[in-house]
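**Q** My structure is in structure.cif, and what it holds is mmCIF, C-alpha atoms and all ligand atoms:
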data_data
loop_
_atom_site.label_atom_id
_atom_site.label_comp_id
_atom_site.auth_asym_id
_atom_site.auth_seq_id
_atom_site.Cartn_x
_atom_site.Cartn_y
_atom_site.Cartn_z
CA MET A 1 43.57 -56.21 -40.21
CA ARG A 2 46.24 -56.25 -37.55
CA GLY A 3 47.27 -59.79 -38.44
CA PHE A 4 47.50 -58.78 -42.06
CA PHE A 5 49.90 -55.93 -41.29
CA LEU A 6 52.07 -58.03 -39.00
CA GLN A 7 52.35 -60.73 -41.64
CA LYS A 8 52.78 -58.45 -44.61
CA HIS A 9 55.56 -56.44 -43.05
CA LYS A 10 57.27 -59.48 -41.63
CA ASN A 11 57.82 -60.79 -45.13
CA THR A 12 59.46 -57.61 -46.30
CA MET A 13 61.86 -57.06 -43.40
CA GLU A 14 64.39 -59.87 -43.66
CA ASN A 15 61.94 -61.80 -41.52
CA LYS A 16 62.37 -59.31 -38.71
CA GLN A 17 59.70 -56.89 -37.63
CA ILE A 18 60.48 -53.29 -36.91
CA VAL A 19 60.08 -52.16 -33.34
CA VAL A 20 60.25 -48.60 -32.03
CA SER A 21 59.81 -47.21 -28.55
CA GLY A 22 61.07 -44.36 -26.42
CA ILE A 23 61.09 -42.88 -22.95
CA ARG A 24 61.06 -39.21 -22.01
CA PRO A 25 64.11 -38.06 -20.05
CA THR A 26 62.22 -36.36 -17.24
CA GLY A 27 63.70 -38.15 -14.24
CA ASN A 28 64.97 -41.51 -13.10
CA LEU A 29 63.31 -44.60 -14.55
CA HIS A 30 60.92 -46.33 -12.18
CA LEU A 31 59.34 -49.75 -11.89
CA GLY A 32 56.46 -48.63 -14.15
CA ASN A 33 58.88 -47.79 -16.97
CA TYR A 34 60.70 -51.04 -16.41
CA PHE A 35 57.75 -53.42 -16.37
CA GLY A 36 55.62 -51.42 -18.84
CA ALA A 37 58.36 -50.92 -21.43
CA VAL A 38 62.05 -51.70 -20.83
CA LYS A 39 61.51 -55.35 -19.92
CA ASN A 40 59.95 -55.91 -23.34
CA PHE A 41 62.69 -53.89 -25.10
CA ILE A 42 65.22 -56.36 -23.74
CA LYS A 43 63.25 -59.37 -24.94
CA MET A 44 62.45 -57.91 -28.35
CA GLN A 45 66.02 -56.92 -29.23
CA GLU A 46 66.81 -60.64 -29.52
CA ASN A 47 64.55 -61.32 -32.49
CA GLU A 48 63.38 -58.08 -34.05
CA LYS A 49 64.89 -55.01 -35.66
CA CYS A 50 64.67 -52.59 -32.76
CA PHE A 51 65.01 -48.82 -32.38
CA PHE A 52 64.92 -47.57 -28.79
CA PHE A 53 65.40 -43.90 -28.13
CA ILE A 54 65.41 -41.17 -25.53
CA ALA A 55 62.58 -38.75 -26.29
CA ASP A 56 64.33 -35.50 -25.46
CA TYR A 57 62.28 -33.32 -27.84
CA HIS A 58 59.16 -34.55 -26.07
CA SER A 59 60.58 -33.58 -22.69
CA LEU A 60 60.83 -29.92 -23.75
CA THR A 61 57.11 -29.45 -23.14
CA THR A 62 57.99 -29.05 -19.45
CA HIS A 63 60.84 -26.55 -20.10
CA PRO A 64 63.86 -28.23 -18.45
CA THR A 65 67.03 -26.20 -17.89
CA PRO A 66 69.91 -27.11 -20.25
CA ASN A 67 71.74 -28.84 -17.39
CA ASP A 68 68.73 -30.85 -16.30
CA LEU A 69 68.01 -31.85 -19.88
CA HIS A 70 71.49 -33.21 -20.49
CA GLY A 71 71.69 -34.93 -17.10
CA ASN A 72 68.35 -36.64 -17.61
CA VAL A 73 69.22 -37.82 -21.12
CA LYS A 74 72.42 -39.35 -19.77
CA GLN A 75 70.54 -40.96 -16.89
CA VAL A 76 68.03 -42.70 -19.18
CA LEU A 77 70.81 -43.83 -21.51
CA VAL A 78 72.73 -45.32 -18.59
CA GLU A 79 69.57 -46.96 -17.24
CA TYR A 80 68.73 -48.44 -20.65
CA LEU A 81 72.17 -50.03 -20.81
CA ALA A 82 72.15 -51.15 -17.19
CA ALA A 83 68.80 -52.84 -17.71
CA GLY A 84 70.25 -54.88 -20.57
CA LEU A 85 69.67 -52.96 -23.79
CA ASN A 86 72.48 -53.97 -26.07
CA PRO A 87 73.79 -51.49 -28.68
CA GLU A 88 75.01 -54.41 -30.77
CA LYS A 89 71.50 -55.81 -31.01
CA ALA A 90 69.29 -52.72 -30.97
CA THR A 91 69.70 -49.19 -32.29
CA ILE A 92 69.83 -47.01 -29.19
CA TYR A 93 69.72 -43.29 -29.87
CA ILE A 94 68.78 -39.84 -28.73
CA GLN A 95 65.75 -38.41 -30.55
CA SER A 96 67.34 -34.99 -31.17
CA ASP A 97 70.27 -36.67 -32.95
CA VAL A 98 67.82 -37.57 -35.70
CA PRO A 99 66.48 -34.27 -37.08
CA GLU A 100 64.63 -36.15 -39.84
CA VAL A 101 62.02 -36.82 -37.15
CA THR A 102 61.23 -33.11 -36.97
CA GLU A 103 60.71 -32.91 -40.71
CA LEU A 104 58.24 -35.77 -40.64
CA TYR A 105 56.58 -34.15 -37.62
CA LEU A 106 56.09 -30.95 -39.62
CA LEU A 107 54.69 -32.84 -42.59
CA LEU A 108 52.31 -34.87 -40.44
CA ASN A 109 51.18 -31.72 -38.62
CA MET A 110 49.62 -30.48 -41.87
CA ASN A 111 47.18 -33.37 -41.74
CA ALA A 112 46.50 -33.39 -37.99
CA TYR A 113 43.42 -31.52 -36.90
CA ILE A 114 43.12 -29.25 -33.87
CA GLY A 115 39.84 -30.87 -32.81
CA GLU A 116 41.21 -34.40 -32.63
CA LEU A 117 44.35 -33.21 -30.83
CA GLU A 118 42.36 -31.25 -28.27
CA ARG A 119 40.23 -34.29 -27.54
CA THR A 120 43.10 -36.60 -26.48
CA THR A 121 42.96 -37.59 -22.83
CA SER A 122 46.58 -36.71 -22.09
CA PHE A 123 46.16 -33.20 -23.52
CA LYS A 124 42.96 -32.65 -21.52
CA ASP A 125 44.79 -33.90 -18.40
CA LYS A 126 47.62 -31.44 -18.95
CA VAL A 127 45.17 -28.56 -19.46
CA ARG A 128 43.66 -29.43 -16.09
CA LYS A 129 46.95 -29.97 -14.26
CA GLN A 130 49.15 -27.20 -15.68
CA PRO A 131 46.92 -24.42 -17.01
CA GLU A 132 49.89 -22.03 -16.92
CA ASN A 133 51.79 -24.00 -19.60
CA ILE A 134 49.53 -25.28 -22.36
CA ASN A 135 52.01 -24.98 -25.21
CA ALA A 136 51.59 -26.04 -28.84
CA GLY A 137 54.12 -28.83 -28.27
CA LEU A 138 51.71 -30.44 -25.84
CA LEU A 139 48.87 -30.22 -28.33
CA THR A 140 50.90 -31.83 -31.11
CA TYR A 141 52.65 -34.33 -28.84
CA PRO A 142 50.88 -37.30 -30.49
CA VAL A 143 52.03 -36.11 -33.92
CA LEU A 144 55.68 -36.08 -32.85
CA MET A 145 55.18 -39.50 -31.35
CA ALA A 146 53.68 -40.78 -34.61
CA ALA A 147 56.71 -39.36 -36.46
CA ASP A 148 59.06 -41.21 -34.06
CA ILE A 149 57.35 -44.47 -34.83
CA ILE A 150 56.64 -44.33 -38.53
CA ILE A 151 59.99 -42.76 -39.45
CA HIS A 152 61.35 -46.31 -39.11
CA LYS A 153 58.12 -47.86 -40.48
CA ALA A 154 57.62 -49.73 -37.22
CA ILE A 155 54.67 -51.96 -36.56
CA LYS A 156 55.35 -53.08 -32.99
CA VAL A 157 55.57 -50.51 -30.22
CA PRO A 158 56.26 -51.91 -26.75
CA VAL A 159 54.63 -49.47 -24.31
CA GLY A 160 52.58 -49.41 -21.13
CA LYS A 161 48.82 -48.99 -20.97
CA ASP A 162 48.97 -45.19 -20.68
CA GLN A 163 50.29 -44.90 -24.26
CA GLU A 164 47.35 -46.69 -25.90
CA GLN A 165 45.63 -43.55 -27.13
CA ASN A 166 48.86 -42.11 -28.53
CA LEU A 167 49.28 -45.30 -30.55
CA GLU A 168 45.74 -45.00 -31.83
CA MET A 169 46.61 -41.50 -33.05
CA ALA A 170 49.82 -42.75 -34.67
CA ARG A 171 47.80 -45.31 -36.63
CA LYS A 172 45.34 -42.63 -37.64
CA PHE A 173 48.09 -40.35 -38.97
CA ALA A 174 49.83 -43.19 -40.81
CA LYS A 175 46.57 -44.29 -42.44
CA ARG A 176 45.62 -40.73 -43.29
CA PHE A 177 48.94 -40.16 -45.05
CA ASN A 178 48.47 -43.37 -47.03
CA ARG A 179 44.94 -42.39 -47.98
CA MET A 180 45.85 -38.83 -49.00
CA TYR A 181 48.71 -39.93 -51.21
CA LYS A 182 47.11 -43.16 -52.41
CA THR A 183 49.96 -45.31 -51.15
CA ASP A 184 50.54 -48.05 -48.62
CA PHE A 185 53.92 -46.60 -47.67
CA PHE A 186 53.43 -46.51 -43.89
CA PRO A 187 52.47 -49.66 -42.02
CA GLU A 188 50.13 -49.30 -39.05
CA PRO A 189 51.90 -49.41 -35.69
CA TYR A 190 50.40 -51.27 -32.73
CA PRO A 191 51.15 -51.24 -29.01
CA TYR A 192 52.77 -54.53 -28.15
CA ASN A 193 53.10 -56.77 -25.11
CA PHE A 194 53.63 -60.27 -26.49
CA GLY A 195 49.90 -60.78 -27.01
CA ASP A 196 49.06 -59.87 -23.41
CA LYS A 197 47.18 -56.82 -22.21
CA LEU A 198 49.27 -53.67 -21.83
CA ILE A 199 50.65 -53.17 -18.35
CA LYS A 200 49.88 -50.51 -15.78
CA ILE A 201 52.07 -50.52 -12.69
CA PRO A 202 50.36 -48.71 -9.82
CA GLY A 203 51.98 -46.11 -7.57
CA LEU A 204 52.36 -46.19 -3.79
CA ASP A 205 49.80 -43.48 -3.12
CA GLY A 206 46.74 -45.70 -3.29
CA SER A 207 45.40 -44.64 -6.67
CA GLY A 208 46.50 -44.35 -10.26
CA LYS A 209 49.68 -45.34 -12.04
CA MET A 210 53.26 -45.03 -10.96
CA GLY A 211 54.66 -41.87 -12.56
CA LYS A 212 57.82 -39.81 -12.55
CA SER A 213 56.07 -36.63 -11.48
CA GLU A 214 53.47 -38.13 -9.17
CA GLY A 215 55.88 -38.67 -6.25
CA ASN A 216 54.60 -42.23 -5.92
CA ALA A 217 57.37 -44.14 -7.69
CA ILE A 218 60.13 -46.57 -6.82
CA ASN A 219 63.13 -45.78 -9.02
CA LEU A 220 65.62 -48.29 -10.37
CA ILE A 221 68.35 -46.21 -8.72
CA ASP A 222 66.73 -46.10 -5.23
CA ASP A 223 68.84 -47.53 -2.39
CA GLU A 224 67.56 -50.07 0.10
CA LYS A 225 66.69 -47.52 2.77
CA THR A 226 64.77 -45.31 0.35
CA ILE A 227 62.81 -48.28 -1.01
CA HIS A 228 61.94 -49.39 2.52
CA LYS A 229 60.85 -45.90 3.55
CA LYS A 230 58.70 -45.43 0.44
CA ILE A 231 56.96 -48.79 0.77
CA MET A 232 56.35 -48.55 4.51
CA ARG A 233 54.63 -45.21 3.85
CA ALA A 234 52.39 -46.64 1.08
CA VAL A 235 48.68 -46.02 1.53
CA THR A 236 46.68 -48.89 3.10
CA ASP A 237 43.39 -49.13 5.03
CA SER A 238 42.30 -50.53 8.37
CA GLY A 239 42.15 -54.10 7.03
CA PRO A 240 39.54 -56.52 5.64
CA THR A 241 36.36 -56.88 7.64
CA GLU A 242 34.88 -59.91 5.88
CA LYS A 243 36.40 -63.10 4.54
CA ASN A 244 37.04 -63.25 0.78
CA GLN A 245 36.53 -59.55 0.40
CA THR A 246 37.82 -57.91 -2.81
CA PRO A 247 40.76 -55.71 -1.81
CA PRO A 248 40.29 -51.96 -2.33
CA GLU A 249 42.59 -50.22 -4.83
CA PRO A 250 45.47 -49.29 -2.45
CA ILE A 251 45.81 -52.89 -1.25
CA GLN A 252 45.34 -54.38 -4.70
CA ASN A 253 48.15 -52.07 -5.84
CA LEU A 254 50.55 -53.58 -3.32
CA PHE A 255 49.56 -57.06 -4.53
CA THR A 256 50.14 -55.95 -8.14
CA LEU A 257 53.64 -54.76 -7.25
CA MET A 258 54.26 -58.02 -5.45
CA GLN A 259 53.11 -59.89 -8.53
CA VAL A 260 55.93 -58.39 -10.62
CA VAL A 261 58.81 -58.58 -8.14
CA SER A 262 58.06 -61.50 -5.78
CA ASP A 263 57.73 -65.27 -6.14
CA LYS A 264 54.24 -66.55 -6.83
CA SER A 265 54.22 -68.41 -3.50
CA THR A 266 54.91 -65.16 -1.62
CA LEU A 267 52.04 -63.41 -3.35
CA ASP A 268 49.70 -66.37 -2.76
CA TYR A 269 50.64 -66.39 0.93
CA PHE A 270 49.67 -62.75 1.46
CA VAL A 271 46.54 -62.90 -0.72
CA ASP A 272 45.42 -65.88 1.37
CA LYS A 273 46.09 -64.00 4.58
CA TYR A 274 44.00 -61.12 3.21
CA LYS A 275 41.14 -63.41 2.27
CA ASN A 276 41.16 -64.90 5.77
CA CYS A 277 41.23 -61.47 7.42
CA ASP A 278 44.53 -62.43 8.95
CA ILE A 279 46.85 -60.03 7.16
CA ARG A 280 49.29 -57.63 8.79
CA TYR A 281 50.08 -54.85 6.35
CA GLY A 282 53.42 -54.24 8.09
CA ASP A 283 54.52 -57.78 7.16
CA LEU A 284 53.25 -57.39 3.60
CA LYS A 285 55.15 -54.14 3.14
CA LYS A 286 58.32 -55.50 4.73
CA GLN A 287 58.30 -58.47 2.35
CA LEU A 288 57.50 -56.25 -0.63
CA SER A 289 60.34 -53.88 0.17
CA GLU A 290 62.78 -56.80 0.52
CA ASP A 291 61.70 -58.21 -2.84
CA VAL A 292 61.81 -54.85 -4.60
CA ASN A 293 65.29 -54.28 -3.25
CA LYS A 294 66.39 -57.73 -4.39
CA PHE A 295 65.11 -56.96 -7.87
CA VAL A 296 66.56 -53.46 -8.08
CA ALA A 297 69.98 -54.07 -6.45
CA PRO A 298 71.83 -55.49 -9.47
CA LEU A 299 70.36 -52.79 -11.73
CA ARG A 300 71.40 -50.11 -9.27
CA ASP A 301 74.97 -51.40 -9.19
CA LYS A 302 75.16 -51.53 -12.96
CA ILE A 303 73.75 -48.00 -13.30
CA ASN A 304 76.44 -46.65 -10.99
CA GLU A 305 79.14 -48.52 -12.90
CA ILE A 306 78.09 -47.54 -16.44
CA LYS A 307 77.52 -43.92 -15.44
CA LYS A 308 81.26 -43.45 -14.98
CA ASP A 309 82.19 -44.71 -18.44
CA ASP A 310 81.77 -41.59 -20.57
CA GLU A 311 83.85 -43.00 -23.42
CA TYR A 312 81.55 -45.99 -23.78
CA LEU A 313 78.43 -43.82 -23.59
CA LYS A 314 79.78 -41.53 -26.29
CA LYS A 315 80.40 -44.50 -28.56
CA VAL A 316 76.91 -45.89 -27.98
CA VAL A 317 75.31 -42.53 -28.77
CA LYS A 318 77.34 -42.02 -31.94
CA THR A 319 76.69 -45.53 -33.29
CA GLY A 320 72.98 -45.23 -32.48
CA ALA A 321 72.67 -41.82 -34.14
CA ASP A 322 74.33 -43.07 -37.33
CA LYS A 323 72.11 -46.14 -37.58
CA ALA A 324 68.91 -44.26 -36.73
CA ARG A 325 69.66 -41.49 -39.22
CA GLU A 326 70.33 -43.99 -41.97
CA SER A 327 66.89 -45.50 -41.50
CA ALA A 328 65.13 -42.14 -40.96
CA SER A 329 66.68 -40.38 -43.95
CA LYS A 330 65.64 -43.22 -46.23
CA THR A 331 62.02 -42.80 -45.11
CA ILE A 332 62.12 -39.02 -45.38
CA SER A 333 63.48 -39.00 -48.89
CA GLU A 334 60.73 -41.38 -49.99
CA VAL A 335 58.10 -39.30 -48.19
CA ARG A 336 59.33 -36.16 -49.93
CA LYS A 337 58.95 -37.90 -53.26
CA ILE A 338 55.45 -39.14 -52.42
CA ILE A 339 54.36 -35.64 -51.36
CA GLY A 340 55.70 -34.11 -54.56
CA PHE A 341 58.84 -32.20 -53.54
CA LYS A 342 61.11 -32.31 -56.55
CA SER A 343 64.59 -31.00 -57.09
CA PHE A 344 65.23 -28.58 -59.96
P1 LIG B 401 57.03 -42.07 -20.72
O1 LIG B 401 58.38 -41.48 -20.72
O2 LIG B 401 55.98 -41.40 -19.88
O3 LIG B 401 57.07 -43.58 -20.29
C1 LIG B 401 57.95 -44.48 -20.92
C2 LIG B 401 57.36 -45.86 -21.02
O4 LIG B 401 57.06 -46.36 -19.72
C3 LIG B 401 55.70 -46.77 -19.68
N1 LIG B 401 55.14 -46.49 -18.33
C4 LIG B 401 54.42 -47.35 -17.65
N2 LIG B 401 54.04 -48.62 -17.92
C5 LIG B 401 53.33 -49.27 -16.97
N3 LIG B 401 52.98 -48.72 -15.77
C6 LIG B 401 53.36 -47.44 -15.46
N4 LIG B 401 53.03 -46.93 -14.29
C7 LIG B 401 54.10 -46.70 -16.42
N5 LIG B 401 54.62 -45.46 -16.44
C8 LIG B 401 55.25 -45.33 -17.64
C9 LIG B 401 54.99 -45.94 -20.73
O5 LIG B 401 53.79 -46.56 -21.14
C10 LIG B 401 56.04 -45.89 -21.81
O6 LIG B 401 56.00 -47.07 -22.58
N6 LIG B 401 55.12 -40.54 -25.04
C11 LIG B 401 56.02 -41.48 -24.44
C12 LIG B 401 57.43 -41.45 -25.01
C13 LIG B 401 57.49 -41.60 -26.48
C14 LIG B 401 57.25 -42.80 -27.24
C15 LIG B 401 57.42 -42.44 -28.59
C16 LIG B 401 56.92 -44.11 -26.87
C17 LIG B 401 57.78 -40.62 -27.36
N7 LIG B 401 57.73 -41.13 -28.61
C18 LIG B 401 57.27 -43.38 -29.63
C19 LIG B 401 56.77 -45.05 -27.91
C20 LIG B 401 56.94 -44.69 -29.25
C21 LIG B 401 56.10 -41.19 -22.96
O7 LIG B 401 55.89 -40.08 -22.53
O8 LIG B 401 56.51 -42.24 -22.21
#
In structure tokens, what does this structure look like?
**A**
Amino acid sequence: MRGFFLQKHKNTMENKQIVVSGIRPTGNLHLGNYFGAVKNFIKMQENEKCFFFIADYHSLTTHPTPNDLHGNVKQVLVEYLAAGLNPEKATIYIQSDVPEVTELYLLLNMNAYIGELERTTSFKDKVRKQPENINAGLLTYPVLMAADIIIHKAIKVPVGKDQEQNLEMARKFAKRFNRMYKTDFFPEPYPYNFGDKLIKIPGLDGSGKMGKSEGNAINLIDDEKTIHKKIMRAVTDSGPTEKNQTPPEPIQNLFTLMQVVSDKSTLDYFVDKYKNCDIRYGDLKKQLSEDVNKFVAPLRDKINEIKKDDEYLKKVVKTGADKARESASKTISEVRKIIGFKSF
């Protein structure tokens, strides 16, 4: 089925497939955002028709102050550009500049059921973690995300592993719309990582994924000293006791980070040391912090440079909004027709 959709929609889109993805502006981007999402955005903008946005409506579920909201939107925009997103190749925009998304969100909400929304893992997580703020926006979060994606009729969505269930919901809502209105208007969107499994970058606290609010992240903007301090404090254990032992999660996490930022020979060297019970975690961490810094340094410099260029940022935002609205309003006017809204 998936192959069919990829092929079918390839033929209709000037031989380019439509790609959509976004990031919430809730803090600085970290290595998880980079390796789970942004790295693929940069590759995909070369050959596909890409829409990459800043999901500021989504970030309202945590009630940011107006100043924080604007500052965070600017930060993600700057970090997108510093990482290599190119406004001449991809449409880069701010979600709230495209109000058509909210109309589609409303329309899709009519066919989204409370039961299925309450059952999503991320909603259940939020209920557990922030019982004082279970708002309706959190419940319908997957519907807004589906609207983001299908408003451009995207089929490829480059995201990290944690977004898998949201993508499943987006497919469900797209298919349900098609079924209800006896159409094949919306293609089915799929999470995408060039045929590989979706990525989950671990945090430095021994368990779980790297996250903006978990306090376990290395940010693209972190300076050398901060990176060193964070990595030296990462959770480890007292060391392997038997040869060829499988590393426990906190150690495996450090190897996973090393896998994305270091040379293969460096990783092999430390894995070997671990297998031979000869590893010194201090050395491993020192090497990892050097390699992370080497990776992050050019990005950090670019971020600081682009941040100062307000004129350029303004131009990028305006061009992106115009292009995104053109695509979104075309979809919305067709959806209105399909649903049966008619002008008098
Ligand atoms: P957000 O802002 O939490 O994360 C943005 C992107 O970064 C990926 N990511 C990770 N990947 C690997 N390892 C990690 N530790 C890690 N942490 C974050 C996420 O998978 C994501 O790709 N709901 C979305 C934003 C969104 C969206 C969309 C995405 C709104 N509408 C439409 C795609 C399409 C979110 O909260 O991502």
**Q** How would you report the residues lying within 7 Å of ligand LIG 401 (chain B), as a PyMOL selection string, if you count all atoms listed in the file?
**A** chain A and resi 20-25+32-37+55+58+144-146+148-149+157-163+199-203+209-211
**Q** When you count all atoms listed in the file, which of these residues is closest to Val98 in chain A: A:Lys225, A:His152, A:Arg300, A:Lys49?
**A**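 Among the listed residues, the smallest separation from Val98 in chain A belongs to A:His152.
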**Q** For range 19-124 of chain A versus range 321-331 of chain A, which residues have an atom no more than 8 Å away, and what is each residue's nearest atom pair and distance in Å rounded to one decimal, using all atoms listed in the file, chain-then-number order, as JSON lines?
**A**
{"residue": "A:Phe51", "atom": "CA", "partner": "A:Ala324", "partner_atom": "CA", "distance": 7.4}
{"residue": "A:Thr91", "atom": "CA", "partner": "A:Lys323", "partner_atom": "CA", "distance": 6.6}
{"residue": "A:Ile92", "atom": "CA", "partner": "A:Ala321", "partner_atom": "CA", "distance": 7.7}
{"residue": "A:Tyr93", "atom": "CA", "partner": "A:Ala321", "partner_atom": "CA", "distance": 5.4}
{"residue": "A:Ile94", "atom": "CA", "partner": "A:Ala321", "partner_atom": "CA", "distance": 7.0}
{"residue": "A:Asp97", "atom": "CA", "partner": "A:Ala321", "partner_atom": "CA", "distance": 5.8}
{"residue": "A:Val98", "atom": "CA", "partner": "A:Arg325", "partner_atom": "CA", "distance": 5.6}
{"residue": "A:Glu100", "atom": "CA", "partner": "A:Ala328", "partner_atom": "CA", "distance": 6.1}
{"residue": "A:Val101", "atom": "CA", "partner": "A:Ala328", "partner_atom": "CA", "distance": 7.2}
**Q** Would you export the selected residues with C-alpha atoms as a PDB file, in the frame of the given file, please?
**A**
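As written to disk, out.pdb reads:
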ATOM      1  CA  PHE A  51      65.010 -48.820 -32.380  1.00  0.00           C
ATOM      2  CA  THR A  91      69.700 -49.190 -32.290  1.00  0.00           C
ATOM      3  CA  ILE A  92      69.830 -47.010 -29.190  1.00  0.00           C
ATOM      4  CA  TYR A  93      69.720 -43.290 -29.870  1.00  0.00           C
ATOM      5  CA  ILE A  94      68.780 -39.840 -28.730  1.00  0.00           C
ATOM      6  CA  ASP A  97      70.270 -36.670 -32.950  1.00  0.00           C
ATOM      7  CA  VAL A  98      67.820 -37.570 -35.700  1.00  0.00           C
ATOM      8  CA  GLU A 100      64.630 -36.150 -39.840  1.00  0.00           C
ATOM      9  CA  VAL A 101      62.020 -36.820 -37.150  1.00  0.00           C
TER      10      VAL A 101
END
**Q** Do a neighbour search on range 270-287 of chain A at 8 Å with all atoms listed in the file, toss out local chain neighbours closer than 5 positions, and write the hits as a list in words.
**A**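 Residues near the query, excluding close chain neighbours: His228, Ile231, Met232, Thr236, Gly239, Pro240, Thr241, Glu242, Lys243, Asn244, Gln245, Leu254 and Phe255 of chain A.
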**Q** Please determine, counting all atoms listed in the file, which residue among A:Met169, A:Arg179, A:Ala147, A:Lys74 has the shortest atom-to-atom distance to Leu107 in chain A.
**A**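 Selected residue with least distance to Leu107 in chain A: A:Ala147.
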**Q** From the list A:Pro191, A:Gly84, A:Pro247, A:Gly137, which residue is nearest Leu117 in chain A when using only C-alpha atoms?
**A**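 Of the candidates, the smallest distance to Leu117 in chain A is held by A:Gly137.
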**Q** Calculate how many Å separate CA of Leu77 in chain A from CA of Leu313 in chain A, rounding to one decimal.
**A** 7.9 Å
